[in-house]
Amino acid sequence: MPSEPAAPLATIAAALRRERERVGISLTELARRAGVAKSTLSQLESGTGNPSVETLWALGVALGVPFSRLVEPVDDGVRVIRAGHGPQVRSEQADFSGTLLSAGAAHLRRDVYLIRLEPGAVRAGHGHTPRSIEHVVVAAGRLRVGPEAAPVELDPGDYATFPGDAPHRYEALAPGTFAVLIMEHP
C-alpha cells in the first residue's frame with residue numbers, strides 16, 4: 001500500500017490565517033467558537049500539528065466557510081493530482097480519509113460524465129463557454145488530456161483540471177480507458 005500523503009499543512013495554515021483575518025477575530029476567539037484548544041489552532045496556523053476532518057470542519061463552521069476552502073490550494077491553471085498524492089485529511093472517528101480534488105464554486109453548473117475512450121483518434125475539444133473548467137479522474141487505462149499546448153498523461157486514480165474554454169484534447173493511451181469528467185460552466 002502506498003504511503004499516505006501528509007495533510008496539506010501549509011495550505012491549511014495559510015487558509016486559516018486568511019479566513020480568521022477576513023472575519024476579524026483573534027486566535028483565542030476562533031478557538032473558542034470552534035471548540036478547539038488555542039494551542040491546537042496556533043499549531044495549525046504555524047503549519048504544524050495533525051488536523052483531523054472534525055477539527056477542520058469545526059473551524060470552517062466557526063469561520064463561515066466550507067471545509068474545502070481550508071484544504072484546497074489556490075490554483076489557476078492545469079493541475080494534476082496523482083493517485084494517492086492529493087491533500088488528504090483523516091478522521092478521528094473512523095478509518096476514513098478524504099482527498100478533495102476540487103471545491104465547487106457558487107453559481108456554477110456542473111455536468112458529470114463517464115467517458116470511455118479507445119486508442120486511435122484524438123478527441124479534440126474546441127473551447128466551451130468562457131470560464132468553463134474541466135475536471136477528469138481516470139478510472140481505468142491511460143489518458144492524455146488537457147490544453148492542446150500542454151496535455152498531461154494520467155494513470156488510474158489520477159486527477160487533472162484545466163480550462164475548458166480553450167482548445168483541448170482527450171486521447172486514450174491504453175485499451176479500455178474510461179474516466180469521470182466533470183464540466184463546470186458559469
# chains A, B, ... in the order shown; residues from 1 in each chain; ligands from 1
call {"tool": "residues_around", "arguments": {"residues": "segment 36-48 of chain A", "least_positions_apart": "6", "cutoff": "9 Å", "atoms": "only C-alpha atoms", "output": "list of chain:residue names"}}
result
A:Pro8, A:Leu9, A:Ala10, A:Thr11, A:Ile12, A:Ala13, A:Ala14, A:Ala15, A:Leu16, A:Arg17, A:Leu27, A:Thr28, A:Glu29, A:Leu30, A:Thr55, A:Ala58, A:Leu59
call {"tool": "residues_around", "arguments": {"residues": "Leu181 of chain A", "least_positions_apart": "3", "cutoff": "12 Å", "atoms": "only C-alpha atoms", "output": "number ranges by chain"}}
result
A: 110-116, 133-139, 145-146, 159-162, 164, 170, 178, 184
call {"tool": "write_last_selection", "arguments": {"atoms": "C-alpha atoms", "output": "short mmCIF file (atom, residue, chain, number, x, y, z; two decimals), in the first residue's frame"}}
result
data_model
loop_
_atom_site.label_atom_id
_atom_site.label_comp_id
_atom_site.auth_asym_id
_atom_site.auth_seq_id
_atom_site.Cartn_x
_atom_site.Cartn_y
_atom_site.Cartn_z
CA ARG A 110 -21.62 21.07 -13.02
CA ASP A 111 -22.23 18.31 -15.52
CA VAL A 112 -20.87 14.84 -14.68
CA TYR A 113 -19.98 12.33 -17.40
CA LEU A 114 -18.49 8.86 -17.56
CA ILE A 115 -16.34 8.82 -20.67
CA ARG A 116 -14.92 5.79 -22.48
CA ILE A 133 -13.36 24.27 -16.38
CA GLU A 134 -12.96 20.53 -16.94
CA HIS A 135 -12.08 18.01 -14.22
CA VAL A 136 -11.02 14.45 -15.09
CA VAL A 137 -10.37 11.40 -12.89
CA VAL A 138 -9.10 8.31 -14.72
CA ALA A 139 -10.75 5.07 -13.58
CA VAL A 145 -5.70 15.11 -21.67
CA GLY A 146 -5.59 18.86 -21.29
CA TYR A 159 -6.91 13.76 -11.38
CA ALA A 160 -6.37 16.78 -13.62
CA THR A 161 -8.20 20.03 -14.14
CA PHE A 162 -7.75 22.56 -16.92
CA GLY A 164 -12.32 24.19 -20.81
CA TYR A 170 -8.66 13.63 -24.95
CA PHE A 178 -12.55 5.33 -19.01
CA GLU A 184 -18.17 23.42 -14.79
#
call {"tool": "closest_residue", "arguments": {"among": "A:Pro163, A:Pro186, A:Pro51, A:Pro130", "to": "Ala150 of chain A", "atoms": "only C-alpha atoms"}}
result
A:Pro163
call {"tool": "select_by_dssp", "arguments": {"residues": "segment 16-175 of chain A", "states": "strand (DSSP E)", "output": "MDAnalysis selection string"}}
result
chainID A and resid 79:81 88:90 97:99 109:117 123:125 133:140 143:147 152:154 159:163 168:172
call {"tool": "closest_residue", "arguments": {"among": "A:Val180, A:Arg123, A:Arg142, A:Thr129", "to": "Asp165 of chain A", "atoms": "only C-alpha atoms"}}
result
A:Thr129
call {"tool": "decode", "arguments": {"residues": "segment 8-24 of chain A", "atoms": "N, CA, C and O atoms", "output": "tab-separated table (two decimals), in the first residue's frame"}}
result
chain	number	residue	atom	x	y	z
A	8	PRO	N	-2.39	18.71	3.93
A	8	PRO	CA	-1.81	19.89	3.28
A	8	PRO	C	-1.57	21.02	4.29
A	8	PRO	O	-2.26	22.03	4.29
A	9	LEU	N	-0.57	20.85	5.14
A	9	LEU	CA	-0.38	21.75	6.28
A	9	LEU	C	-0.14	23.20	5.89
A	9	LEU	O	-0.70	24.11	6.52
A	10	ALA	N	0.69	23.45	4.89
A	10	ALA	CA	0.96	24.84	4.51
A	10	ALA	C	-0.30	25.50	3.97
A	10	ALA	O	-0.59	26.68	4.27
A	11	THR	N	-1.07	24.76	3.19
A	11	THR	CA	-2.32	25.30	2.65
A	11	THR	C	-3.31	25.59	3.77
A	11	THR	O	-3.94	26.65	3.80
A	12	ILE	N	-3.42	24.65	4.70
A	12	ILE	CA	-4.33	24.83	5.83
A	12	ILE	C	-3.91	26.03	6.66
A	12	ILE	O	-4.74	26.86	7.05
A	13	ALA	N	-2.62	26.14	6.95
A	13	ALA	CA	-2.11	27.26	7.76
A	13	ALA	C	-2.46	28.60	7.12
A	13	ALA	O	-2.99	29.50	7.78
A	14	ALA	N	-2.18	28.73	5.83
A	14	ALA	CA	-2.45	29.99	5.13
A	14	ALA	C	-3.95	30.28	5.08
A	14	ALA	O	-4.38	31.42	5.28
A	15	ALA	N	-4.75	29.24	4.83
A	15	ALA	CA	-6.20	29.44	4.74
A	15	ALA	C	-6.80	29.84	6.09
A	15	ALA	O	-7.65	30.73	6.15
A	16	LEU	N	-6.37	29.20	7.16
A	16	LEU	CA	-6.89	29.55	8.49
A	16	LEU	C	-6.56	31.00	8.84
A	16	LEU	O	-7.42	31.74	9.30
A	17	ARG	N	-5.32	31.38	8.61
A	17	ARG	CA	-4.90	32.75	8.90
A	17	ARG	C	-5.69	33.75	8.05
A	17	ARG	O	-6.22	34.74	8.55
A	18	ARG	N	-5.79	33.45	6.74
A	18	ARG	CA	-6.52	34.33	5.82
A	18	ARG	C	-7.98	34.49	6.23
A	18	ARG	O	-8.51	35.60	6.31
A	19	GLU	N	-8.65	33.38	6.51
A	19	GLU	CA	-10.07	33.42	6.85
A	19	GLU	C	-10.31	34.02	8.23
A	19	GLU	O	-11.28	34.75	8.43
A	20	ARG	N	-9.43	33.77	9.18
A	20	ARG	CA	-9.57	34.37	10.52
A	20	ARG	C	-9.42	35.88	10.44
A	20	ARG	O	-10.20	36.63	11.03
A	21	GLU	N	-8.44	36.33	9.65
A	21	GLU	CA	-8.25	37.77	9.49
A	21	GLU	C	-9.41	38.41	8.73
A	21	GLU	O	-9.81	39.52	9.02
A	22	ARG	N	-9.96	37.67	7.76
A	22	ARG	CA	-11.11	38.17	7.00
A	22	ARG	C	-12.30	38.42	7.92
A	22	ARG	O	-12.98	39.43	7.84
A	23	VAL	N	-12.52	37.49	8.86
A	23	VAL	CA	-13.63	37.61	9.80
A	23	VAL	C	-13.30	38.65	10.88
A	23	VAL	O	-14.20	39.24	11.47
A	24	GLY	N	-12.02	38.88	11.12
A	24	GLY	CA	-11.61	39.90	12.10
A	24	GLY	C	-11.66	39.42	13.53
A	24	GLY	O	-12.05	40.18	14.42
